[in-house]
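Q: Hey, dropping entry02.cif in here, mmCIF, C-alpha atoms and all ligand atoms:
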```cif
data_target
#
loop_
_atom_site.group_PDB
_atom_site.id
_atom_site.type_symbol
_atom_site.label_atom_id
_atom_site.label_comp_id
_atom_site.auth_asym_id
_atom_site.auth_seq_id
_atom_site.Cartn_x
_atom_site.Cartn_y
_atom_site.Cartn_z
ATOM 1 C CA MET A 27 -91.483 135.498 18.316
ATOM 2 C CA SER A 28 -89.683 136.361 21.526
ATOM 3 C CA THR A 29 -91.059 135.141 24.825
ATOM 4 C CA LEU A 30 -91.566 137.630 27.587
ATOM 5 C CA ALA A 31 -92.279 136.398 31.116
ATOM 6 C CA VAL A 32 -93.554 138.210 34.193
ATOM 7 C CA TYR A 33 -92.518 137.129 37.701
ATOM 8 C CA PRO A 34 -94.905 138.821 40.125
ATOM 9 C CA GLY A 35 -94.538 139.114 43.883
ATOM 10 C CA SER A 36 -94.187 141.469 46.790
ATOM 11 C CA PHE A 37 -90.410 140.967 47.183
ATOM 12 C CA ASP A 38 -90.414 142.514 50.680
ATOM 13 C CA PRO A 39 -87.501 141.915 50.585
ATOM 14 C CA ILE A 40 -86.125 139.931 47.650
ATOM 15 C CA THR A 41 -84.479 136.677 48.809
ATOM 16 C CA ASN A 42 -81.999 134.321 47.180
ATOM 17 C CA GLY A 43 -84.973 132.040 46.467
ATOM 18 C CA HIS A 44 -86.449 134.769 44.271
ATOM 19 C CA VAL A 45 -83.032 135.496 42.733
ATOM 20 C CA ASP A 46 -82.632 131.797 41.890
ATOM 21 C CA ILE A 47 -86.016 131.657 40.117
ATOM 22 C CA ILE A 48 -85.331 134.890 38.222
ATOM 23 C CA ALA A 49 -81.913 133.675 37.067
ATOM 24 C CA ARG A 50 -83.475 130.416 35.827
ATOM 25 C CA GLY A 51 -86.229 132.389 34.098
ATOM 26 C CA ALA A 52 -83.681 134.650 32.446
ATOM 27 C CA ARG A 53 -82.083 131.566 30.857
ATOM 28 C CA LEU A 54 -85.405 130.124 29.726
ATOM 29 C CA PHE A 55 -87.157 133.223 28.356
ATOM 30 C CA ASP A 56 -85.970 136.038 26.121
ATOM 31 C CA ARG A 57 -86.859 138.529 28.818
ATOM 32 C CA ILE A 58 -88.247 138.374 32.345
ATOM 33 C CA ILE A 59 -89.922 141.224 34.195
ATOM 34 C CA VAL A 60 -89.733 141.207 37.970
ATOM 35 C CA ALA A 61 -93.114 142.795 38.697
ATOM 36 C CA ILE A 62 -93.407 144.170 42.221
ATOM 37 C CA LEU A 63 -96.954 144.288 43.470
ATOM 38 C CA VAL A 64 -98.104 147.618 44.887
ATOM 39 C CA ASN A 65 -100.143 147.343 48.099
ATOM 40 C CA ALA A 66 -99.697 143.604 48.594
ATOM 41 C CA GLU A 67 -99.337 144.207 52.291
ATOM 42 C CA LYS A 68 -100.600 147.142 54.291
ATOM 43 C CA SER A 69 -97.337 147.800 56.100
ATOM 44 C CA PRO A 70 -94.358 146.485 54.164
ATOM 45 C CA LEU A 71 -90.899 146.658 55.735
ATOM 46 C CA PHE A 72 -89.361 147.990 52.516
ATOM 47 C CA SER A 73 -90.984 150.812 50.561
ATOM 48 C CA MET A 74 -91.795 150.343 46.901
ATOM 49 C CA ALA A 75 -88.883 152.612 45.947
ATOM 50 C CA GLU A 76 -86.479 150.562 48.089
ATOM 51 C CA ARG A 77 -87.690 147.252 46.655
ATOM 52 C CA VAL A 78 -87.267 148.553 43.101
ATOM 53 C CA GLU A 79 -83.823 149.972 43.870
ATOM 54 C CA ILE A 80 -82.631 146.715 45.433
ATOM 55 C CA ALA A 81 -83.971 144.504 42.613
ATOM 56 C CA LYS A 82 -82.402 146.752 39.965
ATOM 57 C CA ALA A 83 -79.049 146.622 41.743
ATOM 58 C CA VAL A 84 -79.180 142.831 42.170
ATOM 59 C CA PHE A 85 -79.868 142.269 38.438
ATOM 60 C CA LYS A 86 -77.727 145.040 36.994
ATOM 61 C CA ASP A 87 -75.556 142.474 35.185
ATOM 62 C CA LEU A 88 -78.437 140.476 33.719
ATOM 63 C CA PRO A 89 -79.559 142.564 30.727
ATOM 64 C CA ASN A 90 -82.735 140.561 30.049
ATOM 65 C CA VAL A 91 -84.129 141.105 33.546
ATOM 66 C CA GLU A 92 -86.338 144.152 33.954
ATOM 67 C CA VAL A 93 -87.796 145.516 37.197
ATOM 68 C CA ASP A 94 -91.244 147.111 37.203
ATOM 69 C CA THR A 95 -94.221 147.662 39.512
ATOM 70 C CA PHE A 96 -97.888 146.919 38.980
ATOM 71 C CA GLU A 97 -101.295 147.384 40.567
ATOM 72 C CA GLY A 98 -104.581 145.634 39.957
ATOM 73 C CA LEU A 99 -105.158 142.380 38.102
ATOM 74 C CA LEU A 100 -101.984 140.542 37.179
ATOM 75 C CA VAL A 101 -103.377 139.284 33.858
ATOM 76 C CA ASP A 102 -104.172 142.861 32.834
ATOM 77 C CA TYR A 103 -100.608 143.885 33.561
ATOM 78 C CA VAL A 104 -99.230 140.883 31.640
ATOM 79 C CA GLU A 105 -101.432 141.720 28.644
ATOM 80 C CA ARG A 106 -100.454 145.389 28.782
ATOM 81 C CA ARG A 107 -96.779 144.401 28.689
ATOM 82 C CA ASP A 108 -97.393 142.028 25.747
ATOM 83 C CA ALA A 109 -96.012 139.152 27.806
ATOM 84 C CA GLN A 110 -97.093 135.524 27.342
ATOM 85 C CA VAL A 111 -95.963 133.828 30.530
ATOM 86 C CA ILE A 112 -96.422 134.186 34.296
ATOM 87 C CA VAL A 113 -93.578 132.625 36.276
ATOM 88 C CA ARG A 114 -94.185 131.376 39.811
ATOM 89 C CA GLY A 115 -91.879 129.569 42.200
ATOM 90 C CA LEU A 116 -92.839 126.364 43.990
ATOM 91 C CA ARG A 117 -91.110 125.666 47.270
ATOM 92 C CA ALA A 118 -93.091 122.820 48.740
ATOM 93 C CA VAL A 119 -96.436 121.079 48.499
ATOM 94 C CA SER A 120 -97.777 123.824 50.764
ATOM 95 C CA ASP A 121 -97.381 126.370 47.923
ATOM 96 C CA PHE A 122 -99.242 124.141 45.502
ATOM 97 C CA GLU A 123 -102.864 124.645 46.463
ATOM 98 C CA PHE A 124 -102.790 128.429 46.386
ATOM 99 C CA GLU A 125 -100.679 128.539 43.225
ATOM 100 C CA PHE A 126 -102.959 126.027 41.492
ATOM 101 C CA GLN A 127 -106.019 128.172 42.282
ATOM 102 C CA MET A 128 -104.318 131.340 41.077
ATOM 103 C CA ALA A 129 -103.074 129.735 37.863
ATOM 104 C CA LEU A 130 -106.505 128.395 36.955
ATOM 105 C CA MET A 131 -108.226 131.658 37.850
ATOM 106 C CA ASN A 132 -105.717 133.601 35.765
ATOM 107 C CA ARG A 133 -106.301 131.196 32.870
ATOM 108 C CA ARG A 134 -110.026 131.772 33.157
ATOM 109 C CA LEU A 135 -109.453 135.515 33.127
ATOM 110 C CA ASN A 136 -107.125 135.333 30.134
ATOM 111 C CA ASP A 137 -106.406 132.025 28.401
ATOM 112 C CA ARG A 138 -103.689 133.455 26.177
ATOM 113 C CA ILE A 139 -101.369 133.617 29.181
ATOM 114 C CA GLU A 140 -99.603 130.481 30.455
ATOM 115 C CA THR A 141 -98.379 130.038 34.046
ATOM 116 C CA VAL A 142 -95.025 128.268 34.382
ATOM 117 C CA PHE A 143 -93.805 126.917 37.731
ATOM 118 C CA MET A 144 -90.148 126.626 38.605
ATOM 119 C CA MET A 145 -88.366 125.050 41.546
ATOM 120 C CA PRO A 146 -85.462 126.780 43.252
ATOM 121 C CA ALA A 147 -82.219 125.122 44.282
ATOM 122 C CA GLU A 148 -82.870 122.956 47.340
ATOM 123 C CA LYS A 149 -80.820 125.215 49.571
ATOM 124 C CA TYR A 150 -83.325 128.025 49.014
ATOM 125 C CA SER A 151 -86.466 125.941 49.042
ATOM 126 C CA TYR A 152 -87.555 126.851 52.586
ATOM 127 C CA ILE A 153 -87.009 130.629 52.429
ATOM 128 C CA SER A 154 -89.735 133.247 52.373
ATOM 129 C CA SER A 155 -89.538 137.018 52.823
ATOM 130 C CA ARG A 156 -91.667 136.690 55.934
ATOM 131 C CA LEU A 157 -89.327 134.146 57.525
ATOM 132 C CA ILE A 158 -86.251 136.243 56.686
ATOM 133 C CA LYS A 159 -87.786 139.327 58.339
ATOM 134 C CA GLU A 160 -88.826 137.351 61.393
ATOM 135 C CA VAL A 161 -85.466 135.667 61.912
ATOM 136 C CA PHE A 162 -83.453 138.829 61.277
ATOM 137 C CA THR A 163 -85.600 140.939 63.619
ATOM 138 C CA LEU A 164 -85.052 138.382 66.380
ATOM 139 C CA GLY A 165 -81.285 138.575 65.889
ATOM 140 C CA GLY A 166 -80.765 135.486 63.715
ATOM 141 C CA ARG A 167 -78.293 135.220 60.869
ATOM 142 C CA VAL A 168 -79.641 135.394 57.312
ATOM 143 C CA HIS A 169 -76.288 135.593 55.537
ATOM 144 C CA GLY A 170 -76.362 133.637 52.265
ATOM 145 C CA LEU A 171 -80.151 133.554 52.156
ATOM 146 C CA VAL A 172 -80.604 137.069 50.780
ATOM 147 C CA PRO A 173 -78.443 139.254 48.523
ATOM 148 C CA ASP A 174 -75.729 141.120 50.495
ATOM 149 C CA MET A 175 -77.463 144.415 49.780
ATOM 150 C CA VAL A 176 -80.659 143.139 51.420
ATOM 151 C CA GLU A 177 -78.705 142.007 54.487
ATOM 152 C CA GLU A 178 -77.172 145.484 54.720
ATOM 153 C CA ARG A 179 -80.552 147.220 54.368
ATOM 154 C CA LEU A 180 -82.115 144.936 56.968
ATOM 155 C CA ARG A 181 -79.329 145.836 59.380
ATOM 156 C CA GLN A 182 -79.922 149.554 58.791
ATOM 157 C CA LYS A 183 -83.664 149.188 59.399
ATOM 158 C CA VAL A 184 -83.398 147.122 62.512
ATOM 159 C CA THR A 185 -80.747 149.326 64.163
ATOM 160 C CA LYS A 186 -82.739 152.480 63.321
ATOM 161 C CA LYS A 187 -85.710 151.273 65.349
HETATM 162 N N1 LIG A 201 -87.426 130.431 48.261
HETATM 163 C C1 LIG A 201 -88.201 130.437 47.183
HETATM 164 N N2 LIG A 201 -88.002 129.557 46.191
HETATM 165 C C2 LIG A 201 -88.803 129.524 45.117
HETATM 166 N N3 LIG A 201 -89.839 130.338 44.909
HETATM 167 C C3 LIG A 201 -90.094 131.243 45.858
HETATM 168 C C4 LIG A 201 -89.290 131.345 47.037
HETATM 169 N N4 LIG A 201 -89.789 132.348 47.803
HETATM 170 C C5 LIG A 201 -90.847 132.828 47.132
HETATM 171 N N5 LIG A 201 -91.044 132.181 45.970
HETATM 172 C C6 LIG A 201 -92.075 132.404 44.966
HETATM 173 O O1 LIG A 201 -91.956 133.725 44.523
HETATM 174 C C7 LIG A 201 -93.216 134.242 44.135
HETATM 175 C C8 LIG A 201 -93.459 135.554 44.840
HETATM 176 O O2 LIG A 201 -93.727 135.275 46.168
HETATM 177 P P1 LIG A 201 -93.800 136.306 47.352
HETATM 178 O O3 LIG A 201 -93.614 137.688 46.893
HETATM 179 O O4 LIG A 201 -95.015 135.963 48.158
HETATM 180 O O5 LIG A 201 -92.504 135.880 48.168
HETATM 181 P P2 LIG A 201 -92.431 135.233 49.587
HETATM 182 O O6 LIG A 201 -90.981 134.996 49.846
HETATM 183 O O7 LIG A 201 -93.369 134.071 49.677
HETATM 184 O O8 LIG A 201 -92.909 136.437 50.506
HETATM 185 P P3 LIG A 201 -93.930 136.415 51.739
HETATM 186 O O9 LIG A 201 -93.253 135.672 52.836
HETATM 187 O O10 LIG A 201 -94.104 137.874 52.029
HETATM 188 O O11 LIG A 201 -95.185 135.751 51.229
HETATM 189 C C9 LIG A 201 -94.208 133.123 44.449
HETATM 190 O O12 LIG A 201 -94.416 132.364 43.290
HETATM 191 C C10 LIG A 201 -93.477 132.311 45.492
HETATM 192 O O13 LIG A 201 -93.924 130.966 45.504
HETATM 193 MG MG MG A 202 -95.512 134.389 49.661
#
```
Here is the file; what I need is its structure written in the form of structure tokens.
Ligand SMILES: Nc1ncnc2c1ncn2[C@@H]1O[C@H](COP(=O)(O)OP(=O)(O)OP(=O)(O)O)[C@@H](O)[C@H]1O
Ligand SMILES: [Mg+2]
A:
Amino acid sequence: MSTLAVYPGSFDPITNGHVDIIARGARLFDRIIVAILVNAEKSPLFSMAERVEIAKAVFKDLPNVEVDTFEGLLVDYVERRDAQVIVRGLRAVSDFEFEFQMALMNRRLNDRIETVFMMPAEKYSYISSRLIKEVFTLGGRVHGLVPDMVEERLRQKVTKK
């Protein structure tokens, strides 16, 4: 049996913390699907099409990473894709409470699916999409914290305003 994992999130935009978790997942599982949540936030900075395009470009050399989008209940999507695992990243204790609730709720909804938590490299352990957007918009440097393509797209967006 091959193990298929789903890594869900809003990825608005994808950061090197996400990339780190996905790369680890790609070594651990036969295949990992980066599942971008539709409508996670009312006004995302990056459109769905842009987020998909960026993620596909970032993982073009990792053949067992797939990029997809989903709406509705995560466990329904995971079941539909015939996957067995939900991957989530843990940055700090502050992530734990929410992630613990979600994992147990998802187990209650579908106990055939297992949630697996992974820790990123320390150097990425404080990054979130929200923080990247905030710092960049205020003129701070985010080089090395996001893929180069994301840095470029952020620059285009901020100068267009
Ligand atoms: N730097 C990181 N290291 C490890 N895991 C991370 C990191 N950033 C996010 N994650 C994990 O990735 C998954 C998707 O999270 P999400 O899409 O909310 O990203 P985010 O960076 O937290 O964005 P936002 O700031 O918009 O909440 C979650 O499991 C989250 O804990
Ligand atoms: Mg988050």
Q: For Pro146 (chain A), which residue among A:Val84, A:Met27, A:Val111, A:Val45 is the nearest when counting only C-alpha atoms?
A: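 Nearest to Pro146 (chain A): A:Val45.
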Q: Which of these residues is nearest to ligand MG 202 (chain A), using all atoms listed in the file: A:Met74, A:Val104, A:Ala83, A:Leu63?
A: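 The answer is A:Leu63, which sits nearest to ligand MG 202 (chain A).
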Q: Set the distance at 10 Å and use only C-alpha atoms: which residues neighbour Phe85 (chain A) once local chain neighbours fewer than 5 positions away are removed? I'd like the list as a PyMOL selection string.
A: chain A and resi 45+48-49+60+80+90-93
Q: List every protein, DNA or RNA residue that has an atom no more than 12 Å from (-91.5, 138.4, 29.3) in the file's coordinate frame, counting all atoms listed in the file, and report them as number ranges by chain.
A: A: 27-34, 48, 51-61, 90-94, 103-113, 139-142
Q: For chain A against ligand MG 202 (chain A), with a cut-off of 8 Å and counting all atoms listed in the file, what is the closest atom pair and its distance in Å to one decimal for every residue that makes the cut, ordered by chain and number, as CSV?
A:
```
residue,atom,partner,partner_atom,distance
A:Gly35,CA,A:MG202,MG,7.5
A:Ser36,CA,A:MG202,MG,7.8
A:Ser154,CA,A:MG202,MG,6.5
A:Ser155,CA,A:MG202,MG,7.3
A:Arg156,CA,A:MG202,MG,7.7
```
Q: Between CA of Asp46 (chain A) and atom N5 of ligand LIG 201 (chain A), what is the spacing in Å?
A: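 According to the coordinates, atom N5 of ligand LIG 201 (chain A) and CA of Asp46 (chain A) are separated by 9.4 Å.
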Q: Just the number, please: distance in Å from CA of Gly115 (chain A) to CA of Arg167 (chain A), one decimal.
A: 23.8 Å
Q: Considering all atoms listed in the file, state which residue in the set A:Glu97, A:Glu148, A:Asp137, A:Glu177 is at the smallest distance from ligand LIG 201 (chain A).
A: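 The answer is A:Glu148, which sits nearest to ligand LIG 201 (chain A).
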Q: At a cut-off of 9 Å around ligand LIG 201 (chain A), and using only C-alpha atoms and all ligand atoms, what residues come up? Please write them as a ChimeraX atom specification.
A: /A:33-47,62-63,66-67,70,113-118,121-122,125,143-159,171
Q: Keeping C-alpha atoms, export the residues of the selection given above as a PDB file, in the coordinates of the input.
A:
```
ATOM      1  CA  TYR A  33     -92.518 137.129  37.701  1.00  0.00           C
ATOM      2  CA  PRO A  34     -94.905 138.821  40.125  1.00  0.00           C
ATOM      3  CA  GLY A  35     -94.538 139.114  43.883  1.00  0.00           C
ATOM      4  CA  SER A  36     -94.187 141.469  46.790  1.00  0.00           C
ATOM      5  CA  PHE A  37     -90.410 140.967  47.183  1.00  0.00           C
ATOM      6  CA  ASP A  38     -90.414 142.514  50.680  1.00  0.00           C
ATOM      7  CA  PRO A  39     -87.501 141.915  50.585  1.00  0.00           C
ATOM      8  CA  ILE A  40     -86.125 139.931  47.650  1.00  0.00           C
ATOM      9  CA  THR A  41     -84.479 136.677  48.809  1.00  0.00           C
ATOM     10  CA  ASN A  42     -81.999 134.321  47.180  1.00  0.00           C
ATOM     11  CA  GLY A  43     -84.973 132.040  46.467  1.00  0.00           C
ATOM     12  CA  HIS A  44     -86.449 134.769  44.271  1.00  0.00           C
ATOM     13  CA  VAL A  45     -83.032 135.496  42.733  1.00  0.00           C
ATOM     14  CA  ASP A  46     -82.632 131.797  41.890  1.00  0.00           C
ATOM     15  CA  ILE A  47     -86.016 131.657  40.117  1.00  0.00           C
ATOM     16  CA  ILE A  62     -93.407 144.170  42.221  1.00  0.00           C
ATOM     17  CA  LEU A  63     -96.954 144.288  43.470  1.00  0.00           C
ATOM     18  CA  ALA A  66     -99.697 143.604  48.594  1.00  0.00           C
ATOM     19  CA  GLU A  67     -99.337 144.207  52.291  1.00  0.00           C
ATOM     20  CA  PRO A  70     -94.358 146.485  54.164  1.00  0.00           C
ATOM     21  CA  VAL A 113     -93.578 132.625  36.276  1.00  0.00           C
ATOM     22  CA  ARG A 114     -94.185 131.376  39.811  1.00  0.00           C
ATOM     23  CA  GLY A 115     -91.879 129.569  42.200  1.00  0.00           C
ATOM     24  CA  LEU A 116     -92.839 126.364  43.990  1.00  0.00           C
ATOM     25  CA  ARG A 117     -91.110 125.666  47.270  1.00  0.00           C
ATOM     26  CA  ALA A 118     -93.091 122.820  48.740  1.00  0.00           C
ATOM     27  CA  ASP A 121     -97.381 126.370  47.923  1.00  0.00           C
ATOM     28  CA  PHE A 122     -99.242 124.141  45.502  1.00  0.00           C
ATOM     29  CA  GLU A 125    -100.679 128.539  43.225  1.00  0.00           C
ATOM     30  CA  PHE A 143     -93.805 126.917  37.731  1.00  0.00           C
ATOM     31  CA  MET A 144     -90.148 126.626  38.605  1.00  0.00           C
ATOM     32  CA  MET A 145     -88.366 125.050  41.546  1.00  0.00           C
ATOM     33  CA  PRO A 146     -85.462 126.780  43.252  1.00  0.00           C
ATOM     34  CA  ALA A 147     -82.219 125.122  44.282  1.00  0.00           C
ATOM     35  CA  GLU A 148     -82.870 122.956  47.340  1.00  0.00           C
ATOM     36  CA  LYS A 149     -80.820 125.215  49.571  1.00  0.00           C
ATOM     37  CA  TYR A 150     -83.325 128.025  49.014  1.00  0.00           C
ATOM     38  CA  SER A 151     -86.466 125.941  49.042  1.00  0.00           C
ATOM     39  CA  TYR A 152     -87.555 126.851  52.586  1.00  0.00           C
ATOM     40  CA  ILE A 153     -87.009 130.629  52.429  1.00  0.00           C
ATOM     41  CA  SER A 154     -89.735 133.247  52.373  1.00  0.00           C
ATOM     42  CA  SER A 155     -89.538 137.018  52.823  1.00  0.00           C
ATOM     43  CA  ARG A 156     -91.667 136.690  55.934  1.00  0.00           C
ATOM     44  CA  LEU A 157     -89.327 134.146  57.525  1.00  0.00           C
ATOM     45  CA  ILE A 158     -86.251 136.243  56.686  1.00  0.00           C
ATOM     46  CA  LYS A 159     -87.786 139.327  58.339  1.00  0.00           C
ATOM     47  CA  LEU A 171     -80.151 133.554  52.156  1.00  0.00           C
TER      48      LEU A 171
END
```
Q: What does the distance from CA of Val78 (chain A) to CA of Phe124 (chain A) come to in Å, to one decimal?
A: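 CA of Val78 (chain A) sits 25.6 Å away from CA of Phe124 (chain A).
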Q: With the file shown as input, list the residues that the PyMOL selection byres (((chain A and resi 179) around 12) and not hetatm) selects, as a PyMOL selection string.
A: chain A and resi 38-40+71-73+76-77+79-80+159+162+172-178+180-186
Q: Rank nothing, just name the residue among A:Ser69, A:Glu123, A:Thr95, A:Val161 nearest to Ala81 (chain A), using all atoms listed in the file.
A: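 Residue with the minimum atom-to-atom distance to Ala81 (chain A): A:Thr95.
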